[in-house]
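Encoded as structure tokens, the structure appears first; notes follow it.
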Amino acid sequence: MRKAKKNNVVSTQETLSLTRIRPKITWFWFLLPSSIIMVVFFFIPVILTLLISGTNMSTTTGLTGYQWVGFANYKNLLNYPDTFRKLWLTIRYVFLTLVLFNIGLALLISLITTHIPKKAGAFFRAIWLLPRITPVVIYTFMWQILAAAPPHGIINTLIFEPLGLSTTNLIPQYPFFFIVVVNGFIGTSFGMIIFTSAIESIRKDIMVSSLVDGASTLQRIRYIILPQLRWPLLFATTYQTLSLLTSYEQILVLTGGNFGTEVWALWAFNLALNNYYGNFQYGIGSTIATMLVLIGLILSTVYMRFFKFDELVQEPKIDVL
Amino acid sequence: MVKRIGVTLLVLALFLISSVPVFSGGEKEVDTSVPDEVEVNLWSGNAPPDGLDRYRALNLVDAAESVMEQRAAAGEEITINVNPVSDPAGWTDFKRRFNLAAEAGEAPDIVACGHTDVALWGNLGYIVPIADSKEEVKAMYPQFDDVVDGLWDAVTWRDQIWAVPQDTEARPMYYNKELLSEAGWSDAEIEELPDRIKNGDFTLDDLIETAQDAIEKGVVEPGYGYWHRPSSGGDFIQYYKAYGGEIYDPVEDKLVIVEEALFNFFDFHRRIVTAGITPKNFIGTSWDIWHDTVINGGVLFFNAGTWSWGGWSTNQAEGGEAEMFERFGYALQPSGIPGNPGHTLSHPIVYFVTSPKASDNNYQDLWIELVANMTETDLNTRHALLSAHLAILESQLDDPDYKSAEFLSDVSYMSNYNYYAPQHPQYGQWFDALFQGMVSVQQGEVSAEDGTQETINRLKMEIGDQLIVR
């Protein structure tokens, strides 16, 4: 009997320790796939980029004949004649595209389409998805045709000419406007989906009771909906900032970086991989890429502070069953 | 955590360092004997498979047949399977692809690309020298002896011959004869223009003045007086040279920048905008629109290569080449300094033979023999006529087909006023700095003075002791 009791004690202890370990094992297996992806496709490339930024690697040296130059590329980056012009362009481009389209317009569309009949809302949101599902080259080419000078350009030929307005290729004329709009129309759909699903997941009783309590639609948006969008707003703002900082494909296809539209990411690409005579400068290109990663990390931290990330991830004070 | 990151960084650093060749070890005996059946790969850049430059690659088919026949006649049977690739990618993409392939040992055996890659690729060991001197290369094959002598200078680097010319060209300034006539020029004045430019009697300043006058008279729309190339390209060196710019010091083997010429080059490109003869944000205009506009849209002066003539005659001018002759004239690029003759840049396309390291084989002698057999009068003339490129062989100048090509005959004198970009591994960086500086000044982002200083500072920073500032 005593022996049996002892066995029971051991058995209970084993069960307890397994219970403690199992969640840990589950946690590990759940995170493993994404961790591998993060390490292989983000962490290692960042480290390699960082290492290459400390070399003079270029087509002059080849991929094996480079030398370590320490922080020389970072010093050179400060001395490039147009470093700060391009940085200012990048800041304006990221900020305006983010505020006007990726967050601003996305939020507006989400709010409007969740306040009209469901089918109509879904229809309008589907239209806003078109820029994202269209291949980048075709989408950008459509903009080029829209903006081209007559007889090639649609806006000039169908609108400006009949109105007697002067015509010209509109992209070189308003290059900054076009890079913001072309990118913004694609970026809008991302935030729109996130915000819409967040709005629709707000509990119906809260939404309805606010109206019963006499709140207007605008008041409900201000005091009920927006406070509950802090999480998706933080996510969309951070994700889209990083995306805008480092993506350049639309600008590359639309203007090639011409007309003063060479943002830092495109500049890094052009220096490292897009020189007319094939003199690719991997070292300085990696330096700019590293700086972009650094800027992205700093901005992400700022966003987390601004949106009070610590509070968002706190355990709920009361459990809702 | 910090320790782990440190270890990871160390491993990656060791990985990179280990990729640096330290000692190559003793030289191995290399077996260069060619098997009975062999495949040859050729890449030709910036050339759509059905485009006007397709014979840069397709001439390999004829050359391989010739070599097989010659070998058979000598009692040696060999089968050469050819894989000529005309790559539609632009030069930049093509070179990026080639560089990566060469680093991986997967480059093609023969490459058709610009002569300015000699120093860059030679320096990296991607290509092999063809001969140690001009005399030696001419003695190798009768076809090489037939190559116009001056063209070997374009492929000479550190006293060795590194490639074989495939074609060459001039980059004239074209003008619309109808518009000049409407602006009040007599037929005789229009006909005299090429000679005036050749003699230094019509300069870049005169070009601005003439275009402004045509706009004021309402003959030409504002912004349509002068269109240069709309994207980066070797042509822009012509303006720097027009103001006395030097590119290279052969004694020092260094690149050169002449401050005054650089300023004048930038200033000219700003003035054409402020004078209203060129649009402000012009660089970046699409090539399709550019070609259509210069031929059908009423542009007075414009710059392009001779090869564009072939494309315009085929694609833009409804009346073909006859209409082109009727409406357009061509001349050298005007000088910026009165009294100095006009000039033109030539940028020959050449055949490179890749090294064992780059293409992982040792049959370079056979590849050179194939290149020699591509350097034939009939093959080069076929290419020249189709693509409006100039002859590279002395025998082509006597070829009845070549002689009957009116445009090519007309512009052949330009070879006497031409020059080449230099052979220096960092020429691409030098060129890029000048082009970027020009664009900033032309768009009004900086003044010509500031643009000049910024560009010189950038050149000093990027090229360092390989640069001489004058």
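Chain labels follow the order of the structure tokens: the first chain is A, the next B, and so on; residue numbering restarts at 1 in every chain, and ligands are counted from 1 in their shown order.
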
Return as a tab-separated table the residues of chain A lying at most 7 Å from chain B, together with the closest atom-to-atom pair for each and the distance in Å to one decimal, counting only C-alpha atoms, with rows in chain order and ascending residue number.
```
residue	atom	partner	partner_atom	distance
A:Thr60	CA	B:Pro425	CA	6.1
A:Gly62	CA	B:Leu124	CA	6.2
A:Thr64	CA	B:Val20	CA	4.9
A:Gly65	CA	B:Val20	CA	6.4
A:Asn76	CA	B:Met461	CA	6.9
A:Tyr80	CA	B:Arg458	CA	6.0
A:Pro81	CA	B:Glu454	CA	5.4
A:Pro172	CA	B:Asn281	CA	5.2
A:Gln173	CA	B:Asn281	CA	6.8
A:Thr255	CA	B:Gly284	CA	6.3
A:Gly256	CA	B:Gly284	CA	6.9
A:Asn258	CA	B:Gly284	CA	5.4
A:Phe259	CA	B:Asn281	CA	5.6
A:Leu273	CA	B:Arg96	CA	6.9
A:Asn274	CA	B:Thr92	CA	5.9
A:Asn275	CA	B:Thr92	CA	6.3
A:Tyr276	CA	B:Thr92	CA	5.3
A:Tyr277	CA	B:Gly428	CA	4.9
A:Gly278	CA	B:Lys95	CA	5.7
A:Asn279	CA	B:Gly428	CA	5.4
```

Might you pull out every residue within 9 Å of Met374 of chain B, with only C-alpha atoms counted and same-chain residues fewer than 6 positions away left off, and present them as a JSON list (two decimals) with C-alpha atoms, in the first residue's frame?
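The resulting file, out18.json, is reproduced below:
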```json
[["chain", "number", "residue", "atom", "x", "y", "z"],
["B", 56, "ARG", "CA", 26.08, 39.48, -84.02],
["B", 59, "ASN", "CA", 27.03, 34.79, -87.66],
["B", 60, "LEU", "CA", 28.32, 32.07, -85.37],
["B", 61, "VAL", "CA", 26.28, 29.54, -87.35],
["B", 62, "ASP", "CA", 28.12, 30.41, -90.58],
["B", 63, "ALA", "CA", 31.46, 30.58, -88.78],
["B", 64, "ALA", "CA", 31.04, 27.12, -87.25],
["B", 143, "GLN", "CA", 40.58, 38.15, -91.37],
["B", 166, "GLN", "CA", 32.47, 43.21, -84.49],
["B", 380, "ASN", "CA", 30.02, 41.81, -91.49]]
```

Non-local contacts of Ile110 of chain B (12 Å; only C-alpha atoms; under 2 positions in same chain excluded) as a short mmCIF file (atom, residue, chain, number, x, y, z; two decimals) with C-alpha atoms, in the first residue's frame:
```cif
data_model
loop_
_atom_site.label_atom_id
_atom_site.label_comp_id
_atom_site.auth_asym_id
_atom_site.auth_seq_id
_atom_site.Cartn_x
_atom_site.Cartn_y
_atom_site.Cartn_z
CA GLU B 39 29.34 22.98 -78.10
CA VAL B 40 30.00 26.70 -78.30
CA ASN B 41 27.88 29.25 -76.47
CA LEU B 42 27.73 32.87 -77.54
CA TRP B 43 25.86 35.69 -75.79
CA SER B 44 25.08 38.91 -77.61
CA GLY B 45 23.79 41.70 -75.37
CA ARG B 56 26.08 39.48 -84.02
CA ALA B 57 25.02 36.12 -82.65
CA LEU B 60 28.32 32.07 -85.37
CA VAL B 82 26.36 26.24 -81.81
CA ASN B 83 24.20 28.01 -79.27
CA PRO B 84 24.02 31.68 -80.27
CA VAL B 85 21.90 33.72 -77.86
CA PHE B 98 27.47 37.96 -67.44
CA ALA B 102 31.59 34.46 -64.95
CA GLU B 106 29.15 29.45 -66.13
CA ALA B 107 29.86 32.23 -68.62
CA PRO B 108 29.44 31.60 -72.35
CA ALA B 112 29.49 40.26 -77.92
CA CYS B 113 29.57 43.42 -75.83
CA TYR B 126 36.88 36.88 -67.09
CA ILE B 127 38.39 37.14 -70.59
CA VAL B 128 41.64 36.09 -72.22
CA ALA B 163 38.92 41.34 -78.19
CA VAL B 164 38.02 41.38 -81.87
CA VAL B 350 33.51 43.40 -79.93
CA TYR B 351 33.77 39.65 -79.46
CA PHE B 352 35.39 38.57 -76.18
CA VAL B 353 36.67 35.06 -75.56
CA THR B 354 36.10 34.08 -71.96
CA SER B 355 38.74 32.57 -69.71
CA PRO B 356 38.83 28.99 -68.40
CA ALA B 358 34.82 32.13 -66.35
CA SER B 359 33.50 29.46 -68.73
CA ASN B 361 36.71 25.03 -70.44
CA TYR B 363 39.09 25.52 -75.81
CA GLN B 364 39.93 29.23 -76.16
CA ASP B 365 42.02 28.65 -79.33
CA LEU B 366 38.99 27.15 -81.06
CA TRP B 367 36.77 30.02 -79.92
CA ILE B 368 39.27 32.53 -81.38
CA GLU B 369 39.24 30.56 -84.63
CA LEU B 370 35.44 30.82 -84.68
CA VAL B 371 35.64 34.58 -84.05
CA ALA B 372 38.07 34.88 -86.96
CA MET B 374 32.81 35.47 -88.00
#
```

Polymer residues at most 12 Å from segment 291-294 of chain B, only C-alpha atoms, same-chain spacing of 6 or more positions, as a PyMOL selection string: (chain A and resi 149-152) or (chain B and resi 173-176+179+220-221+223-230+285+300-305+308-318+324+327-328)

For those residues, write N, CA and C atoms to a file as a compact mmCIF listing (two decimals), in the first residue's frame.
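Resulting contents of again_12.txt:
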```
# COMPACT_ATOMS: atom_id res chain seq x y z
N ALA A 149 2.40 62.15 -73.27
CA ALA A 149 2.00 63.29 -74.11
C ALA A 149 1.15 62.78 -75.28
N PRO A 150 0.29 63.63 -75.85
CA PRO A 150 -0.49 63.19 -77.00
C PRO A 150 0.44 62.93 -78.19
N PRO A 151 0.15 62.01 -79.06
CA PRO A 151 -1.09 61.26 -79.17
C PRO A 151 -1.09 59.97 -78.34
N HIS A 152 0.01 59.72 -77.59
CA HIS A 152 0.09 58.46 -76.84
C HIS A 152 -0.73 58.50 -75.55
N MET B 173 24.87 64.18 -85.20
CA MET B 173 23.76 65.06 -84.87
C MET B 173 22.88 65.13 -86.12
N TYR B 174 21.63 64.78 -85.95
CA TYR B 174 20.68 64.81 -87.06
C TYR B 174 19.92 66.14 -87.03
N TYR B 175 19.45 66.56 -88.17
CA TYR B 175 18.64 67.79 -88.22
C TYR B 175 17.51 67.62 -89.22
N ASN B 176 16.41 68.29 -88.92
CA ASN B 176 15.22 68.22 -89.76
C ASN B 176 15.32 69.30 -90.83
N LEU B 179 12.24 71.68 -91.36
CA LEU B 179 12.06 72.73 -90.34
C LEU B 179 13.10 73.83 -90.51
N VAL B 220 8.96 75.67 -84.76
CA VAL B 220 9.17 74.54 -83.84
C VAL B 220 8.48 74.86 -82.53
N GLU B 221 7.87 73.84 -81.94
CA GLU B 221 7.21 74.01 -80.63
C GLU B 221 8.26 74.21 -79.55
N GLY B 223 10.52 73.54 -76.54
CA GLY B 223 10.97 72.25 -76.00
C GLY B 223 11.31 71.24 -77.07
N TYR B 224 11.07 71.60 -78.34
CA TYR B 224 11.34 70.65 -79.43
C TYR B 224 12.50 71.11 -80.31
N GLY B 225 13.31 72.04 -79.79
CA GLY B 225 14.43 72.55 -80.59
C GLY B 225 15.60 71.59 -80.65
N TYR B 226 15.88 70.93 -79.50
CA TYR B 226 17.03 70.02 -79.47
C TYR B 226 16.75 68.88 -78.50
N TRP B 227 16.83 67.68 -78.99
CA TRP B 227 16.65 66.49 -78.15
C TRP B 227 17.92 65.65 -78.21
N HIS B 228 18.57 65.56 -77.04
CA HIS B 228 19.69 64.63 -76.97
C HIS B 228 19.15 63.27 -76.55
N ARG B 229 20.05 62.34 -76.33
CA ARG B 229 19.64 61.00 -75.89
C ARG B 229 18.84 61.11 -74.59
N PRO B 230 17.76 60.33 -74.42
CA PRO B 230 16.92 60.50 -73.23
C PRO B 230 17.32 59.65 -72.03
N THR B 285 12.64 60.20 -70.60
CA THR B 285 11.61 60.05 -71.64
C THR B 285 11.77 58.66 -72.26
N LEU B 300 13.84 69.77 -84.10
CA LEU B 300 14.75 70.37 -85.08
C LEU B 300 16.10 69.65 -85.12
N PHE B 301 16.80 69.58 -83.98
CA PHE B 301 18.09 68.88 -83.90
C PHE B 301 17.98 67.72 -82.92
N PHE B 302 18.65 66.62 -83.19
CA PHE B 302 18.66 65.51 -82.23
C PHE B 302 19.89 64.64 -82.47
N ASN B 303 20.32 64.00 -81.40
CA ASN B 303 21.51 63.14 -81.46
C ASN B 303 21.13 61.68 -81.34
N ALA B 304 21.76 60.86 -82.14
CA ALA B 304 21.55 59.40 -82.02
C ALA B 304 22.67 58.71 -82.78
N GLY B 305 22.76 57.40 -82.59
CA GLY B 305 23.78 56.64 -83.31
C GLY B 305 23.38 56.38 -84.75
N SER B 308 20.49 54.02 -85.38
CA SER B 308 19.10 54.45 -85.28
C SER B 308 18.50 54.70 -86.65
N TRP B 309 19.35 55.07 -87.60
CA TRP B 309 18.86 55.35 -88.96
C TRP B 309 18.13 54.12 -89.53
N GLY B 310 18.73 52.95 -89.28
CA GLY B 310 18.12 51.71 -89.76
C GLY B 310 16.75 51.50 -89.14
N GLY B 311 16.67 51.74 -87.83
CA GLY B 311 15.40 51.56 -87.12
C GLY B 311 14.36 52.56 -87.58
N TRP B 312 14.77 53.81 -87.75
CA TRP B 312 13.81 54.84 -88.18
C TRP B 312 13.27 54.52 -89.58
N SER B 313 14.19 54.11 -90.47
CA SER B 313 13.76 53.81 -91.85
C SER B 313 12.76 52.67 -91.86
N THR B 314 12.95 51.72 -90.94
CA THR B 314 12.09 50.54 -90.91
C THR B 314 10.80 50.80 -90.13
N ASN B 315 10.92 51.47 -88.98
CA ASN B 315 9.78 51.53 -88.05
C ASN B 315 9.04 52.87 -88.00
N GLN B 316 9.75 53.98 -88.19
CA GLN B 316 9.09 55.27 -87.96
C GLN B 316 8.67 56.00 -89.25
N ALA B 317 9.55 56.03 -90.22
CA ALA B 317 9.24 56.80 -91.44
C ALA B 317 8.40 55.95 -92.38
N GLU B 318 7.18 56.45 -92.65
CA GLU B 318 6.29 55.64 -93.49
C GLU B 318 6.87 55.43 -94.88
N MET B 324 13.45 59.38 -95.28
CA MET B 324 14.47 59.82 -94.32
C MET B 324 15.47 60.75 -95.00
N ARG B 327 13.91 64.21 -95.66
CA ARG B 327 13.56 65.08 -94.53
C ARG B 327 14.70 65.36 -93.56
N PHE B 328 15.69 64.48 -93.52
CA PHE B 328 16.71 64.63 -92.46
C PHE B 328 18.13 64.68 -93.01
```

From A:Leu89, A:Leu244, A:Thr114, A:Pro232, residue lying nearest Met207 of chain A [only C-alpha atoms]: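 When distances to Met207 of chain A are compared using only C-alpha atoms, the smallest one comes from A:Thr114.
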
Those of segment 3-142 of chain A in DSSP helix (DSSP H, G or I), formatted as number ranges by chain: A: 3-52, 72-79, 83-113, 118-133, 136-142

9 Å contact set for Ala148 of chain A, only C-alpha atoms, chain neighbours under 6 positions out, as a PyMOL selection string: (chain A and resi 154-156+168-171) or (chain B and resi 289)

Secondary structure check, strand (DSSP E or B) residues of segment 41-211 of chain A, as an MDAnalysis selection string: chainID A and resid 55 58 62 68

Residue selection dump (C-alpha atoms) as a PDB file, in the first residue's frame:
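Final file, out20.pdb:
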```
ATOM      1  CA  THR A  55      34.328  46.221 -47.939  1.00  0.00           C
ATOM      2  CA  SER A  58      32.626  45.999 -56.686  1.00  0.00           C
ATOM      3  CA  GLY A  62      35.312  41.050 -58.232  1.00  0.00           C
ATOM      4  CA  TRP A  68      38.031  45.499 -45.788  1.00  0.00           C
TER       5      TRP A  68
END
```

Computed interatomic separation between atom CA of Leu226 of chain A and atom CA of Phe306 of chain A (Å): 14.9 Å

Spatial neighbours of Ser286 of chain A, 8 Å, only C-alpha atoms, chain gap at least 5 places, as a ChimeraX atom specification: /A:49-50,52-53,268,272

Distance in Å - atom CA of Asp267 of chain B versus atom CA of Tyr239 of chain B: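 The value is 10.3 Å.
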
For atom CA of Val136 of chain A and atom CA of Leu271 of chain A, the interatomic separation in Å (one decimal): 22.4 Å
